[in-house]
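> Sharing run_7.cif, mmCIF, N, CA and C atoms:
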data_final
loop_
_atom_site.label_atom_id
_atom_site.label_comp_id
_atom_site.auth_asym_id
_atom_site.auth_seq_id
_atom_site.Cartn_x
_atom_site.Cartn_y
_atom_site.Cartn_z
N MET A 111 -77.64 -36.75 -57.12
CA MET A 111 -78.48 -35.59 -57.10
C MET A 111 -77.68 -34.37 -56.68
N ASN A 112 -78.06 -33.25 -57.23
CA ASN A 112 -77.41 -32.00 -56.86
C ASN A 112 -78.44 -30.89 -56.88
N TYR A 113 -78.60 -30.22 -55.75
CA TYR A 113 -79.50 -29.09 -55.64
C TYR A 113 -78.70 -27.89 -55.15
N THR A 114 -79.10 -26.73 -55.57
CA THR A 114 -78.47 -25.52 -55.07
C THR A 114 -79.53 -24.53 -54.63
N ALA A 115 -79.14 -23.63 -53.77
CA ALA A 115 -80.03 -22.57 -53.30
C ALA A 115 -79.19 -21.32 -53.10
N GLU A 116 -79.83 -20.18 -53.18
CA GLU A 116 -79.11 -18.92 -52.98
C GLU A 116 -78.55 -18.82 -51.56
N ALA A 117 -79.30 -19.34 -50.61
CA ALA A 117 -78.91 -19.27 -49.19
C ALA A 117 -79.69 -20.32 -48.42
N PRO A 118 -79.22 -20.67 -47.22
CA PRO A 118 -79.99 -21.58 -46.38
C PRO A 118 -81.36 -20.98 -46.03
N PHE A 119 -82.31 -21.82 -45.71
CA PHE A 119 -83.66 -21.39 -45.41
C PHE A 119 -83.71 -20.37 -44.27
N VAL A 120 -82.81 -20.51 -43.30
CA VAL A 120 -82.82 -19.62 -42.14
C VAL A 120 -82.30 -18.22 -42.45
N TRP A 121 -81.65 -18.04 -43.59
CA TRP A 121 -81.08 -16.73 -43.94
C TRP A 121 -82.19 -15.76 -44.37
N ASP A 122 -82.07 -14.53 -43.92
CA ASP A 122 -82.99 -13.47 -44.32
C ASP A 122 -82.13 -12.33 -44.90
N PRO A 123 -82.50 -11.77 -46.03
CA PRO A 123 -81.68 -10.72 -46.64
C PRO A 123 -81.39 -9.53 -45.72
N THR A 124 -82.23 -9.31 -44.72
CA THR A 124 -81.98 -8.20 -43.79
C THR A 124 -80.74 -8.44 -42.93
N PHE A 125 -80.26 -9.67 -42.87
CA PHE A 125 -79.05 -9.98 -42.11
C PHE A 125 -77.78 -9.50 -42.80
N ALA A 126 -77.84 -9.17 -44.07
CA ALA A 126 -76.65 -8.90 -44.87
C ALA A 126 -75.75 -7.82 -44.29
N ASP A 127 -76.32 -6.81 -43.67
CA ASP A 127 -75.51 -5.70 -43.15
C ASP A 127 -75.17 -5.83 -41.67
N ALA A 128 -75.61 -6.87 -41.03
CA ALA A 128 -75.35 -7.05 -39.60
C ALA A 128 -73.92 -7.53 -39.37
N ASP A 129 -73.31 -7.01 -38.31
CA ASP A 129 -71.92 -7.37 -37.98
C ASP A 129 -71.77 -8.83 -37.54
N ASP A 130 -72.82 -9.40 -36.97
CA ASP A 130 -72.74 -10.77 -36.46
C ASP A 130 -73.33 -11.80 -37.42
N CYS A 131 -73.49 -11.40 -38.71
CA CYS A 131 -74.04 -12.31 -39.72
C CYS A 131 -73.13 -12.35 -40.94
N LEU A 132 -73.07 -13.51 -41.57
CA LEU A 132 -72.22 -13.69 -42.75
C LEU A 132 -72.84 -14.76 -43.63
N LEU A 133 -72.90 -14.48 -44.90
CA LEU A 133 -73.32 -15.49 -45.87
C LEU A 133 -72.28 -15.52 -46.97
N SER A 134 -71.65 -16.68 -47.13
CA SER A 134 -70.68 -16.87 -48.21
C SER A 134 -70.97 -18.23 -48.84
N SER A 135 -70.19 -18.58 -49.83
CA SER A 135 -70.40 -19.88 -50.47
C SER A 135 -70.06 -21.04 -49.53
N ASP A 136 -69.33 -20.75 -48.44
CA ASP A 136 -68.92 -21.80 -47.50
C ASP A 136 -69.54 -21.69 -46.12
N GLN A 137 -70.07 -20.52 -45.77
CA GLN A 137 -70.52 -20.32 -44.41
C GLN A 137 -71.85 -19.58 -44.35
N CYS A 138 -72.60 -19.87 -43.31
CA CYS A 138 -73.80 -19.12 -42.97
C CYS A 138 -73.74 -18.90 -41.46
N VAL A 139 -73.58 -17.66 -41.06
CA VAL A 139 -73.53 -17.29 -39.66
C VAL A 139 -74.63 -16.27 -39.42
N ILE A 140 -75.49 -16.56 -38.45
CA ILE A 140 -76.58 -15.67 -38.12
C ILE A 140 -76.52 -15.40 -36.62
N GLN A 141 -76.38 -14.14 -36.28
CA GLN A 141 -76.25 -13.72 -34.89
C GLN A 141 -75.19 -14.55 -34.17
N ALA A 142 -74.05 -14.67 -34.83
CA ALA A 142 -72.86 -15.36 -34.32
C ALA A 142 -73.03 -16.88 -34.16
N GLU A 143 -74.10 -17.46 -34.69
CA GLU A 143 -74.29 -18.91 -34.66
C GLU A 143 -74.08 -19.47 -36.06
N HIS A 144 -73.38 -20.58 -36.15
CA HIS A 144 -73.11 -21.22 -37.44
C HIS A 144 -74.25 -22.16 -37.80
N TYR A 145 -74.60 -22.17 -39.12
CA TYR A 145 -75.67 -23.05 -39.61
C TYR A 145 -75.14 -23.94 -40.70
N HIS A 146 -74.60 -25.19 -40.36
CA HIS A 146 -74.11 -26.17 -41.34
C HIS A 146 -74.78 -27.52 -41.11
N PRO A 147 -76.19 -27.57 -40.94
CA PRO A 147 -76.81 -28.86 -40.63
C PRO A 147 -76.66 -29.89 -41.74
N LEU A 148 -76.67 -29.46 -43.01
CA LEU A 148 -76.55 -30.42 -44.09
C LEU A 148 -75.17 -31.05 -44.10
N ALA A 149 -74.15 -30.28 -43.79
CA ALA A 149 -72.79 -30.83 -43.72
C ALA A 149 -72.71 -31.91 -42.64
N VAL A 150 -73.37 -31.67 -41.52
CA VAL A 150 -73.38 -32.67 -40.44
C VAL A 150 -74.10 -33.93 -40.91
N GLU A 151 -75.24 -33.74 -41.57
CA GLU A 151 -75.98 -34.90 -42.07
C GLU A 151 -75.17 -35.68 -43.11
N GLN A 152 -74.43 -34.97 -43.92
CA GLN A 152 -73.60 -35.66 -44.91
C GLN A 152 -72.53 -36.51 -44.23
N ARG A 153 -72.02 -36.02 -43.11
CA ARG A 153 -70.98 -36.75 -42.39
C ARG A 153 -71.54 -37.90 -41.58
N THR A 154 -72.71 -37.69 -40.93
CA THR A 154 -73.23 -38.70 -40.01
C THR A 154 -74.29 -39.60 -40.62
N GLY A 155 -74.77 -39.23 -41.79
CA GLY A 155 -75.79 -40.02 -42.46
C GLY A 155 -77.08 -39.25 -42.63
N ILE A 156 -77.78 -39.51 -43.70
CA ILE A 156 -79.01 -38.80 -44.01
C ILE A 156 -80.04 -39.82 -44.48
N THR A 157 -81.26 -39.68 -43.98
CA THR A 157 -82.30 -40.65 -44.32
C THR A 157 -82.95 -40.30 -45.67
N PRO A 158 -83.53 -41.29 -46.32
CA PRO A 158 -84.24 -41.01 -47.58
C PRO A 158 -85.37 -39.98 -47.38
N ASP A 159 -86.05 -40.02 -46.23
CA ASP A 159 -87.11 -39.05 -45.98
C ASP A 159 -86.56 -37.63 -45.92
N ARG A 160 -85.39 -37.47 -45.31
CA ARG A 160 -84.77 -36.14 -45.23
C ARG A 160 -84.36 -35.67 -46.63
N VAL A 161 -83.86 -36.55 -47.46
CA VAL A 161 -83.51 -36.20 -48.84
C VAL A 161 -84.76 -35.72 -49.58
N ARG A 162 -85.88 -36.42 -49.39
CA ARG A 162 -87.14 -35.99 -50.02
C ARG A 162 -87.57 -34.62 -49.52
N ASP A 163 -87.41 -34.35 -48.21
CA ASP A 163 -87.76 -33.04 -47.66
C ASP A 163 -86.93 -31.93 -48.29
N ILE A 164 -85.64 -32.18 -48.43
CA ILE A 164 -84.74 -31.19 -49.03
C ILE A 164 -85.11 -30.96 -50.49
N ALA A 165 -85.35 -32.05 -51.22
CA ALA A 165 -85.72 -31.93 -52.63
C ALA A 165 -87.02 -31.15 -52.78
N ALA A 166 -87.99 -31.42 -51.93
CA ALA A 166 -89.27 -30.70 -52.01
C ALA A 166 -89.08 -29.21 -51.72
N ALA A 167 -88.25 -28.89 -50.74
CA ALA A 167 -88.01 -27.48 -50.39
C ALA A 167 -87.31 -26.74 -51.52
N VAL A 168 -86.41 -27.41 -52.21
CA VAL A 168 -85.66 -26.77 -53.30
C VAL A 168 -86.50 -26.68 -54.57
N LEU A 169 -87.23 -27.73 -54.88
CA LEU A 169 -88.01 -27.76 -56.11
C LEU A 169 -89.32 -26.99 -56.01
N HIS A 170 -89.84 -26.84 -54.79
CA HIS A 170 -91.12 -26.15 -54.58
C HIS A 170 -90.98 -25.16 -53.43
N PRO A 171 -90.16 -24.13 -53.58
CA PRO A 171 -89.86 -23.23 -52.46
C PRO A 171 -91.08 -22.50 -51.88
N SER A 172 -92.09 -22.22 -52.68
CA SER A 172 -93.25 -21.50 -52.15
C SER A 172 -94.02 -22.32 -51.12
N ARG A 173 -93.92 -23.62 -51.19
CA ARG A 173 -94.61 -24.48 -50.22
C ARG A 173 -93.91 -24.49 -48.87
N GLY A 174 -92.63 -24.15 -48.85
CA GLY A 174 -91.87 -24.20 -47.61
C GLY A 174 -91.65 -22.85 -46.96
N LYS A 175 -92.31 -21.79 -47.46
CA LYS A 175 -92.09 -20.46 -46.89
C LYS A 175 -92.57 -20.41 -45.46
N ARG A 176 -91.83 -19.64 -44.66
CA ARG A 176 -92.18 -19.47 -43.27
C ARG A 176 -93.47 -18.67 -43.14
N GLN A 177 -94.29 -19.06 -42.19
CA GLN A 177 -95.53 -18.32 -41.91
C GLN A 177 -95.18 -17.17 -40.98
N GLN A 178 -95.67 -15.99 -41.29
CA GLN A 178 -95.40 -14.83 -40.43
C GLN A 178 -96.67 -14.21 -39.96
#
So, in terms of structure tokens, how does the structure I just supplied come out?


Amino acid sequence: MNYTAEAPFVWDPTFADADDCLLSSDQCVIQAEHYHPLAVEQRTGITPDRVRDIAAAVLHPSRGKRQQ
């Protein structure tokens, strides 16, 4: 399986001009904190339920939008 997204779920376009934020094809840094949870899961193991959660978020993004 292969899924792609424009950015991690935690990324907000308003971060683009902030000095302590970075979004590239390899990194996501928000307020000087790194966000690579999927890379960690790939290294340490990922459950089938987590794979389903990721697939649902990618295939049905409107269902996973943050409530504000």

> Give me, as a list in words, the residues of chain A that a backbone DSSP run labels alpha helix (DSSP H).

Pro147, Leu148, Ala149, Val150, Glu151, Gln152, Arg153, Thr154, Pro158, Asp159, Arg160, Val161, Arg162, Asp163, Ile164, Ala165, Ala166, Ala167, Val168 and Leu169 of chain A

> I need the output of the PyMOL selection byres (((chain A and resi 120 and name CA) around 10) and name CA) for this file as a ChimeraX atom specification; which residues are they?

/A:117-119,121-122,138-140,145,176

> Can you list, as a compact mmCIF listing (two decimals) with N, CA and C atoms, in the coordinates of the input, all residues belonging to segment 118-177 of chain A that DSSP tags as strand (DSSP E)?


# COMPACT_ATOMS: atom_id res chain seq x y z
N LEU A 132 -73.07 -13.51 -41.57
CA LEU A 132 -72.22 -13.69 -42.75
C LEU A 132 -72.84 -14.76 -43.63
N LEU A 133 -72.90 -14.48 -44.90
CA LEU A 133 -73.32 -15.49 -45.87
C LEU A 133 -72.28 -15.52 -46.97
N CYS A 138 -72.60 -19.87 -43.31
CA CYS A 138 -73.80 -19.12 -42.97
C CYS A 138 -73.74 -18.90 -41.46
N VAL A 139 -73.58 -17.66 -41.06
CA VAL A 139 -73.53 -17.29 -39.66
C VAL A 139 -74.63 -16.27 -39.42
N ILE A 140 -75.49 -16.56 -38.45
CA ILE A 140 -76.58 -15.67 -38.12
C ILE A 140 -76.52 -15.40 -36.62
N GLU A 143 -74.10 -17.46 -34.69
CA GLU A 143 -74.29 -18.91 -34.66
C GLU A 143 -74.08 -19.47 -36.06
N HIS A 144 -73.38 -20.58 -36.15
CA HIS A 144 -73.11 -21.22 -37.44
C HIS A 144 -74.25 -22.16 -37.80

> If we count all atoms listed in the file, what is near Asp130 of chain A at a cut-off of 5 Å, once residues fewer than 2 positions away on the same chain are taken out, given as a PDB file with N, CA and C atoms, in the frame of the given file?


ATOM      1  N   ALA A 128     -75.610  -6.870 -41.030  1.00  0.00           N
ATOM      2  CA  ALA A 128     -75.350  -7.050 -39.600  1.00  0.00           C
ATOM      3  C   ALA A 128     -73.920  -7.530 -39.370  1.00  0.00           C
ATOM      4  N   LEU A 132     -73.070 -13.510 -41.570  1.00  0.00           N
ATOM      5  CA  LEU A 132     -72.220 -13.690 -42.750  1.00  0.00           C
ATOM      6  C   LEU A 132     -72.840 -14.760 -43.630  1.00  0.00           C
ATOM      7  N   ILE A 140     -75.490 -16.560 -38.450  1.00  0.00           N
ATOM      8  CA  ILE A 140     -76.580 -15.670 -38.120  1.00  0.00           C
ATOM      9  C   ILE A 140     -76.520 -15.400 -36.620  1.00  0.00           C
ATOM     10  N   GLN A 141     -76.380 -14.140 -36.280  1.00  0.00           N
ATOM     11  CA  GLN A 141     -76.250 -13.720 -34.890  1.00  0.00           C
ATOM     12  C   GLN A 141     -75.190 -14.550 -34.170  1.00  0.00           C
ATOM     13  N   ALA A 142     -74.050 -14.670 -34.830  1.00  0.00           N
ATOM     14  CA  ALA A 142     -72.860 -15.360 -34.320  1.00  0.00           C
ATOM     15  C   ALA A 142     -73.030 -16.880 -34.160  1.00  0.00           C
TER      16      ALA A 142
END

> What's the separation between atom CA of Cys131 of chain A and atom CA of Arg160 of chain A, in Å to one decimal place?

26.7 Å

> Please fill the gaps in segment 112-136 of chain A so it has N, CA, C and O atoms, and write that as an mmCIF file, in the frame of the given file.


data_model
loop_
_atom_site.group_PDB
_atom_site.id
_atom_site.type_symbol
_atom_site.label_atom_id
_atom_site.label_comp_id
_atom_site.auth_asym_id
_atom_site.auth_seq_id
_atom_site.Cartn_x
_atom_site.Cartn_y
_atom_site.Cartn_z
ATOM 1 N N ASN A 112 -78.060 -33.250 -57.230
ATOM 2 C CA ASN A 112 -77.410 -32.000 -56.860
ATOM 3 C C ASN A 112 -78.440 -30.890 -56.880
ATOM 4 O O ASN A 112 -79.095 -30.671 -57.883
ATOM 5 N N TYR A 113 -78.600 -30.220 -55.750
ATOM 6 C CA TYR A 113 -79.500 -29.090 -55.640
ATOM 7 C C TYR A 113 -78.700 -27.890 -55.150
ATOM 8 O O TYR A 113 -77.758 -28.042 -54.381
ATOM 9 N N THR A 114 -79.100 -26.730 -55.570
ATOM 10 C CA THR A 114 -78.470 -25.520 -55.070
ATOM 11 C C THR A 114 -79.530 -24.530 -54.630
ATOM 12 O O THR A 114 -80.681 -24.604 -55.071
ATOM 13 N N ALA A 115 -79.140 -23.630 -53.770
ATOM 14 C CA ALA A 115 -80.030 -22.570 -53.300
ATOM 15 C C ALA A 115 -79.190 -21.320 -53.100
ATOM 16 O O ALA A 115 -77.971 -21.406 -52.886
ATOM 17 N N GLU A 116 -79.830 -20.180 -53.180
ATOM 18 C CA GLU A 116 -79.110 -18.920 -52.980
ATOM 19 C C GLU A 116 -78.550 -18.820 -51.560
ATOM 20 O O GLU A 116 -77.480 -18.272 -51.348
ATOM 21 N N ALA A 117 -79.300 -19.340 -50.610
ATOM 22 C CA ALA A 117 -78.910 -19.270 -49.190
ATOM 23 C C ALA A 117 -79.690 -20.320 -48.420
ATOM 24 O O ALA A 117 -80.724 -20.796 -48.880
ATOM 25 N N PRO A 118 -79.220 -20.670 -47.220
ATOM 26 C CA PRO A 118 -79.990 -21.580 -46.380
ATOM 27 C C PRO A 118 -81.360 -20.980 -46.030
ATOM 28 O O PRO A 118 -81.541 -19.763 -46.040
ATOM 29 N N PHE A 119 -82.310 -21.820 -45.710
ATOM 30 C CA PHE A 119 -83.660 -21.390 -45.410
ATOM 31 C C PHE A 119 -83.710 -20.370 -44.270
ATOM 32 O O PHE A 119 -84.543 -19.475 -44.262
ATOM 33 N N VAL A 120 -82.810 -20.510 -43.300
ATOM 34 C CA VAL A 120 -82.820 -19.620 -42.140
ATOM 35 C C VAL A 120 -82.300 -18.220 -42.450
ATOM 36 O O VAL A 120 -82.462 -17.304 -41.655
ATOM 37 N N TRP A 121 -81.650 -18.040 -43.590
ATOM 38 C CA TRP A 121 -81.080 -16.730 -43.940
ATOM 39 C C TRP A 121 -82.190 -15.760 -44.370
ATOM 40 O O TRP A 121 -83.113 -16.123 -45.093
ATOM 41 N N ASP A 122 -82.070 -14.530 -43.920
ATOM 42 C CA ASP A 122 -82.990 -13.470 -44.320
ATOM 43 C C ASP A 122 -82.130 -12.330 -44.900
ATOM 44 O O ASP A 122 -81.105 -11.982 -44.307
ATOM 45 N N PRO A 123 -82.500 -11.770 -46.030
ATOM 46 C CA PRO A 123 -81.680 -10.720 -46.640
ATOM 47 C C PRO A 123 -81.390 -9.530 -45.720
ATOM 48 O O PRO A 123 -80.395 -8.838 -45.887
ATOM 49 N N THR A 124 -82.230 -9.310 -44.720
ATOM 50 C CA THR A 124 -81.980 -8.200 -43.790
ATOM 51 C C THR A 124 -80.740 -8.440 -42.930
ATOM 52 O O THR A 124 -80.231 -7.503 -42.310
ATOM 53 N N PHE A 125 -80.260 -9.670 -42.870
ATOM 54 C CA PHE A 125 -79.050 -9.980 -42.110
ATOM 55 C C PHE A 125 -77.780 -9.500 -42.800
ATOM 56 O O PHE A 125 -76.719 -9.440 -42.184
ATOM 57 N N ALA A 126 -77.840 -9.170 -44.070
ATOM 58 C CA ALA A 126 -76.650 -8.900 -44.870
ATOM 59 C C ALA A 126 -75.750 -7.820 -44.290
ATOM 60 O O ALA A 126 -74.530 -7.902 -44.404
ATOM 61 N N ASP A 127 -76.320 -6.810 -43.670
ATOM 62 C CA ASP A 127 -75.510 -5.700 -43.150
ATOM 63 C C ASP A 127 -75.170 -5.830 -41.670
ATOM 64 O O ASP A 127 -74.489 -4.971 -41.125
ATOM 65 N N ALA A 128 -75.610 -6.870 -41.030
ATOM 66 C CA ALA A 128 -75.350 -7.050 -39.600
ATOM 67 C C ALA A 128 -73.920 -7.530 -39.370
ATOM 68 O O ALA A 128 -73.390 -8.344 -40.120
ATOM 69 N N ASP A 129 -73.310 -7.010 -38.310
ATOM 70 C CA ASP A 129 -71.920 -7.370 -37.980
ATOM 71 C C ASP A 129 -71.770 -8.830 -37.540
ATOM 72 O O ASP A 129 -70.709 -9.415 -37.696
ATOM 73 N N ASP A 130 -72.820 -9.400 -36.970
ATOM 74 C CA ASP A 130 -72.740 -10.770 -36.460
ATOM 75 C C ASP A 130 -73.330 -11.800 -37.420
ATOM 76 O O ASP A 130 -73.625 -12.929 -37.042
ATOM 77 N N CYS A 131 -73.490 -11.400 -38.710
ATOM 78 C CA CYS A 131 -74.040 -12.310 -39.720
ATOM 79 C C CYS A 131 -73.130 -12.350 -40.940
ATOM 80 O O CYS A 131 -72.509 -11.347 -41.297
ATOM 81 N N LEU A 132 -73.070 -13.510 -41.570
ATOM 82 C CA LEU A 132 -72.220 -13.690 -42.750
ATOM 83 C C LEU A 132 -72.840 -14.760 -43.630
ATOM 84 O O LEU A 132 -73.257 -15.817 -43.143
ATOM 85 N N LEU A 133 -72.900 -14.480 -44.900
ATOM 86 C CA LEU A 133 -73.320 -15.490 -45.870
ATOM 87 C C LEU A 133 -72.280 -15.520 -46.970
ATOM 88 O O LEU A 133 -72.016 -14.527 -47.632
ATOM 89 N N SER A 134 -71.650 -16.680 -47.130
ATOM 90 C CA SER A 134 -70.680 -16.870 -48.210
ATOM 91 C C SER A 134 -70.970 -18.230 -48.840
ATOM 92 O O SER A 134 -71.875 -18.937 -48.419
ATOM 93 N N SER A 135 -70.190 -18.580 -49.830
ATOM 94 C CA SER A 135 -70.400 -19.880 -50.470
ATOM 95 C C SER A 135 -70.060 -21.040 -49.530
ATOM 96 O O SER A 135 -70.458 -22.172 -49.758
ATOM 97 N N ASP A 136 -69.330 -20.750 -48.440
ATOM 98 C CA ASP A 136 -68.920 -21.800 -47.500
ATOM 99 C C ASP A 136 -69.540 -21.690 -46.120
ATOM 100 O O ASP A 136 -69.494 -22.647 -45.359
#
